[in-house]
>>> print(open('protein-v4.csv').read())   # CSV, C-alpha atoms
chain,number,residue,atom,x,y,z
A,3,MET,CA,22.5,15.5,-34.2
A,4,PRO,CA,21.3,15.9,-30.6
A,5,TRP,CA,17.7,15.2,-31.7
A,6,GLU,CA,18.7,11.6,-32.3
A,7,HIS,CA,20.0,11.2,-28.7
A,8,THR,CA,16.7,11.7,-26.9
A,9,GLY,CA,17.2,8.6,-24.7
A,10,SER,CA,14.1,7.8,-22.7
A,11,LYS,CA,12.9,11.4,-22.4
A,12,ILE,CA,10.2,11.0,-25.1
A,13,ALA,CA,7.7,8.4,-23.8
A,14,ALA,CA,4.3,7.2,-25.0
A,15,ARG,CA,2.6,9.6,-22.7
A,16,HIS,CA,4.2,12.5,-24.6
A,17,ARG,CA,3.3,11.1,-28.0
A,18,GLU,CA,-0.3,10.7,-26.9
A,19,ARG,CA,-0.5,14.4,-26.7
A,20,LEU,CA,0.3,17.0,-29.4
A,21,ALA,CA,3.7,18.1,-30.7
A,22,VAL,CA,3.7,21.8,-31.3
A,23,VAL,CA,6.1,23.6,-33.6
A,24,TYR,CA,6.3,27.3,-32.7
A,25,VAL,CA,7.5,29.6,-35.5
A,26,ARG,CA,8.4,33.2,-34.9
A,27,GLN,CA,10.6,35.9,-36.2
A,28,SER,CA,10.8,39.4,-34.6
A,29,THR,CA,10.0,41.7,-37.5
A,30,ARG,CA,8.4,41.6,-41.0
A,31,GLN,CA,11.8,42.5,-42.3
A,32,GLN,CA,13.3,39.4,-40.8
A,33,VAL,CA,10.5,37.3,-42.3
A,34,VAL,CA,11.3,38.6,-45.7
A,35,GLY,CA,15.1,38.8,-45.4
A,36,HIS,CA,15.8,35.6,-43.5
A,37,GLN,CA,13.7,33.1,-45.4
A,38,GLU,CA,16.1,30.3,-44.6
A,39,SER,CA,15.4,30.7,-40.9
A,40,THR,CA,11.7,30.6,-41.5
A,41,ARG,CA,12.1,27.4,-43.7
A,42,LEU,CA,14.1,25.7,-41.0
A,43,GLN,CA,11.5,26.5,-38.4
A,44,TYR,CA,8.7,25.1,-40.6
A,45,ALA,CA,10.8,22.0,-41.2
A,46,LEU,CA,10.5,21.1,-37.5
A,47,VAL,CA,7.1,19.5,-38.4
A,48,ASP,CA,9.1,16.8,-40.1
A,49,ARG,CA,11.4,16.5,-37.1
A,50,ALA,CA,8.3,15.9,-34.8
A,51,VAL,CA,7.2,13.1,-37.2
A,52,ALA,CA,10.7,11.6,-37.1
A,53,LEU,CA,10.5,11.7,-33.3
A,54,GLY,CA,7.4,9.5,-33.4
A,55,TRP,CA,4.4,11.8,-33.7
A,56,GLU,CA,1.8,11.1,-36.3
A,57,ALA,CA,1.6,14.0,-38.8
A,58,SER,CA,-2.0,14.6,-37.8
A,59,ARG,CA,-0.8,15.2,-34.1
A,60,VAL,CA,1.7,17.9,-35.0
A,61,VAL,CA,0.4,21.5,-34.7
A,62,LEU,CA,2.1,24.4,-36.3
A,63,ILE,CA,1.7,27.8,-34.6
A,64,ASP,CA,3.0,30.6,-36.8
A,65,ASP,CA,0.7,33.4,-35.8
A,66,ASP,CA,3.6,35.4,-34.4
A,67,LEU,CA,5.7,35.8,-37.5
A,68,GLY,CA,6.9,39.4,-37.6
A,69,LYS,CA,6.1,40.0,-33.9
A,70,SER,CA,8.7,40.7,-31.2
A,71,GLY,CA,9.1,38.2,-28.4
A,72,SER,CA,9.5,41.0,-25.8
A,73,SER,CA,6.0,40.4,-24.4
A,74,ALA,CA,3.2,37.9,-24.8
A,75,GLU,CA,0.7,40.6,-24.8
A,76,HIS,CA,0.1,40.9,-28.6
A,77,ARG,CA,1.3,37.4,-29.5
A,78,VAL,CA,-1.7,35.3,-30.2
A,79,GLY,CA,0.4,32.3,-31.1
A,80,PHE,CA,2.3,32.3,-27.9
A,81,GLN,CA,-0.9,32.7,-25.9
A,82,ARG,CA,-2.3,29.7,-27.7
A,83,LEU,CA,0.8,27.7,-27.0
A,84,VAL,CA,0.6,28.5,-23.3
A,85,ALA,CA,-3.1,27.7,-23.2
A,86,GLU,CA,-2.6,24.3,-24.9
A,87,ILE,CA,0.3,23.4,-22.5
A,88,SER,CA,-1.8,24.5,-19.5
A,89,LEU,CA,-4.7,22.3,-20.6
A,90,GLY,CA,-2.3,19.3,-20.8
A,91,HIS,CA,-2.7,18.9,-24.6
A,92,VAL,CA,1.0,19.2,-25.5
A,93,GLY,CA,3.7,16.6,-25.1
A,94,LEU,CA,6.5,18.4,-27.0
A,95,VAL,CA,7.2,21.9,-28.1
A,96,LEU,CA,9.8,22.2,-30.9
A,97,GLY,CA,11.8,25.3,-31.9
A,98,THR,CA,15.1,26.0,-33.6
A,99,GLU,CA,16.1,27.9,-30.5
A,100,MET,CA,14.2,28.1,-27.3
A,101,SER,CA,14.9,31.8,-27.2
A,102,ARG,CA,12.4,32.2,-30.1
A,103,LEU,CA,9.6,31.3,-27.6
A,104,ALA,CA,10.0,34.3,-25.4
A,105,ARG,CA,12.4,37.2,-24.8
A,106,SER,CA,10.6,38.3,-21.7
A,107,GLY,CA,11.9,36.6,-18.5
A,108,LYS,CA,8.3,36.6,-17.1
A,109,ASP,CA,6.9,34.8,-20.2
A,110,TRP,CA,9.9,32.4,-20.4
A,111,TYR,CA,9.7,31.3,-16.8
A,112,GLN,CA,5.9,30.9,-17.0
A,113,LEU,CA,6.4,28.6,-20.0
A,114,LEU,CA,9.1,26.6,-18.3
A,115,GLU,CA,7.0,26.1,-15.2
A,116,LEU,CA,3.9,25.1,-17.2
A,117,CYS,CA,6.0,22.5,-19.1
A,118,ALA,CA,7.5,21.2,-15.8
A,119,LEU,CA,4.2,20.9,-14.1
A,120,GLY,CA,2.4,19.4,-17.1
A,121,GLY,CA,5.1,17.0,-18.3
A,122,CYS,CA,5.6,18.8,-21.6
A,123,LEU,CA,9.1,18.4,-23.2
A,124,LEU,CA,11.0,21.2,-25.0
A,125,ALA,CA,13.2,20.5,-28.0
A,126,ASP,CA,15.6,22.6,-30.0
A,127,ALA,CA,18.7,22.0,-32.1
A,128,ASP,CA,20.7,21.2,-28.9
A,129,GLY,CA,18.4,18.5,-27.6
A,130,VAL,CA,15.2,17.5,-25.8
A,131,TYR,CA,14.6,18.8,-22.4
A,132,ASP,CA,12.3,17.5,-19.6
A,133,LEU,CA,11.8,20.5,-17.3
A,134,ALA,CA,10.6,18.1,-14.5
A,135,SER,CA,14.1,16.5,-14.5
A,136,PHE,CA,16.7,18.1,-12.3
A,137,ASN,CA,19.5,17.9,-15.0
A,138,ASP,CA,17.3,19.5,-17.6
A,139,ARG,CA,16.5,22.4,-15.3
A,140,LEU,CA,19.8,23.8,-16.4
A,141,VAL,CA,17.8,25.3,-19.3
A,142,ARG,CA,16.3,27.6,-16.6
A,143,ARG,CA,19.7,28.6,-15.3
A,144,GLU,CA,21.0,29.2,-18.8
A,145,ALA,CA,18.0,31.4,-19.5
A,146,LEU,CA,18.7,33.4,-16.3
A,147,GLY,CA,22.3,33.7,-17.3
A,148,ASP,CA,21.4,35.0,-20.7
A,149,ARG,CA,19.0,37.6,-19.1
A,150,VAL,CA,21.8,38.7,-16.8
A,151,GLU,CA,24.3,38.9,-19.6
A,152,MET,CA,21.8,40.9,-21.8
A,153,LYS,CA,21.1,43.4,-19.0
A,154,GLY,CA,24.9,43.9,-18.6
A,155,LEU,CA,25.4,44.4,-22.3
A,156,HIS,CA,22.6,46.9,-22.4
A,157,ARG,CA,23.9,48.8,-19.4
A,158,ARG,CA,27.4,49.0,-21.0
A,159,ALA,CA,25.9,50.1,-24.3
A,160,VAL,CA,23.9,52.9,-22.6
A,161,ALA,CA,27.0,54.0,-20.7
A,162,ALA,CA,29.1,54.0,-23.9
A,163,ALA,CA,26.5,56.1,-25.7
A,164,ARG,CA,26.8,58.9,-23.0
>>> encode(input="protein-v4.csv", output="structure tokens")
Amino acid sequence: MPWEHTGSKIAARHRERLAVVYVRQSTRQQVVGHQESTRLQYALVDRAVALGWEASRVVLIDDDLGKSGSSAEHRVGFQRLVAEISLGHVGLVLGTEMSRLARSGKDWYQLLELCALGGCLLADADGVYDLASFNDRLVRREALGDRVEMKGLHRRAVAAAR
């Protein structure tokens, strides 16, 4: 699994800070109907420990279960995550998909910039990303591509509905 091939990205300086597992699903219906997804997200606590964090240094943020990621405005968990990263307390953020963190481009790019500036790594099922590294900045480009693609799909759906 890509988690196992982290190379030298995870350093002692990362492990000296917290690992944060961010858990979110968009609606209460998803929380009830997709319990396997919720279980997989909670299991990321064990993944952080496997990557070298002491269990006491892994923080679980699940305040945003049942809340849309379209804006950070009413997402206390996301706001807490951003604050902890800004304060330099976080060495790694784990999620099953980075898209769970933010659906808003503004919130997504803010998070990526804070991680890059503060030396915080991101990890999902595809790997571990160091946003300060040129090669890992592709995550940013992929996110932009996803936004462009979603806007195009939305535009075509609206046109088809007319």
>>> atom_distance(input="protein-v4.csv", atom1="CA of Ala52 (chain A)", atom2="CA of Asp132 (chain A)")
18.5 Å
>>> residues_around(input="protein-v4.csv", residues="Asp126 (chain A)", least_positions_apart="4", cutoff="6 Å", atoms="all atoms listed in the file", output="PDB file with C-alpha atoms, keeping the file's coordinate frame")
ATOM      1  CA  LEU A  96       9.800  22.200 -30.900  1.00  0.00           C
ATOM      2  CA  GLY A  97      11.800  25.300 -31.900  1.00  0.00           C
ATOM      3  CA  THR A  98      15.100  26.000 -33.600  1.00  0.00           C
ATOM      4  CA  GLU A  99      16.100  27.900 -30.500  1.00  0.00           C
TER       5      GLU A  99
END
>>> closest_residue(input="protein-v4.csv", among="A:Ala125, A:Val25, A:Ala134, A:Leu42", to="Leu83 (chain A)", atoms="only C-alpha atoms")
A:Val25
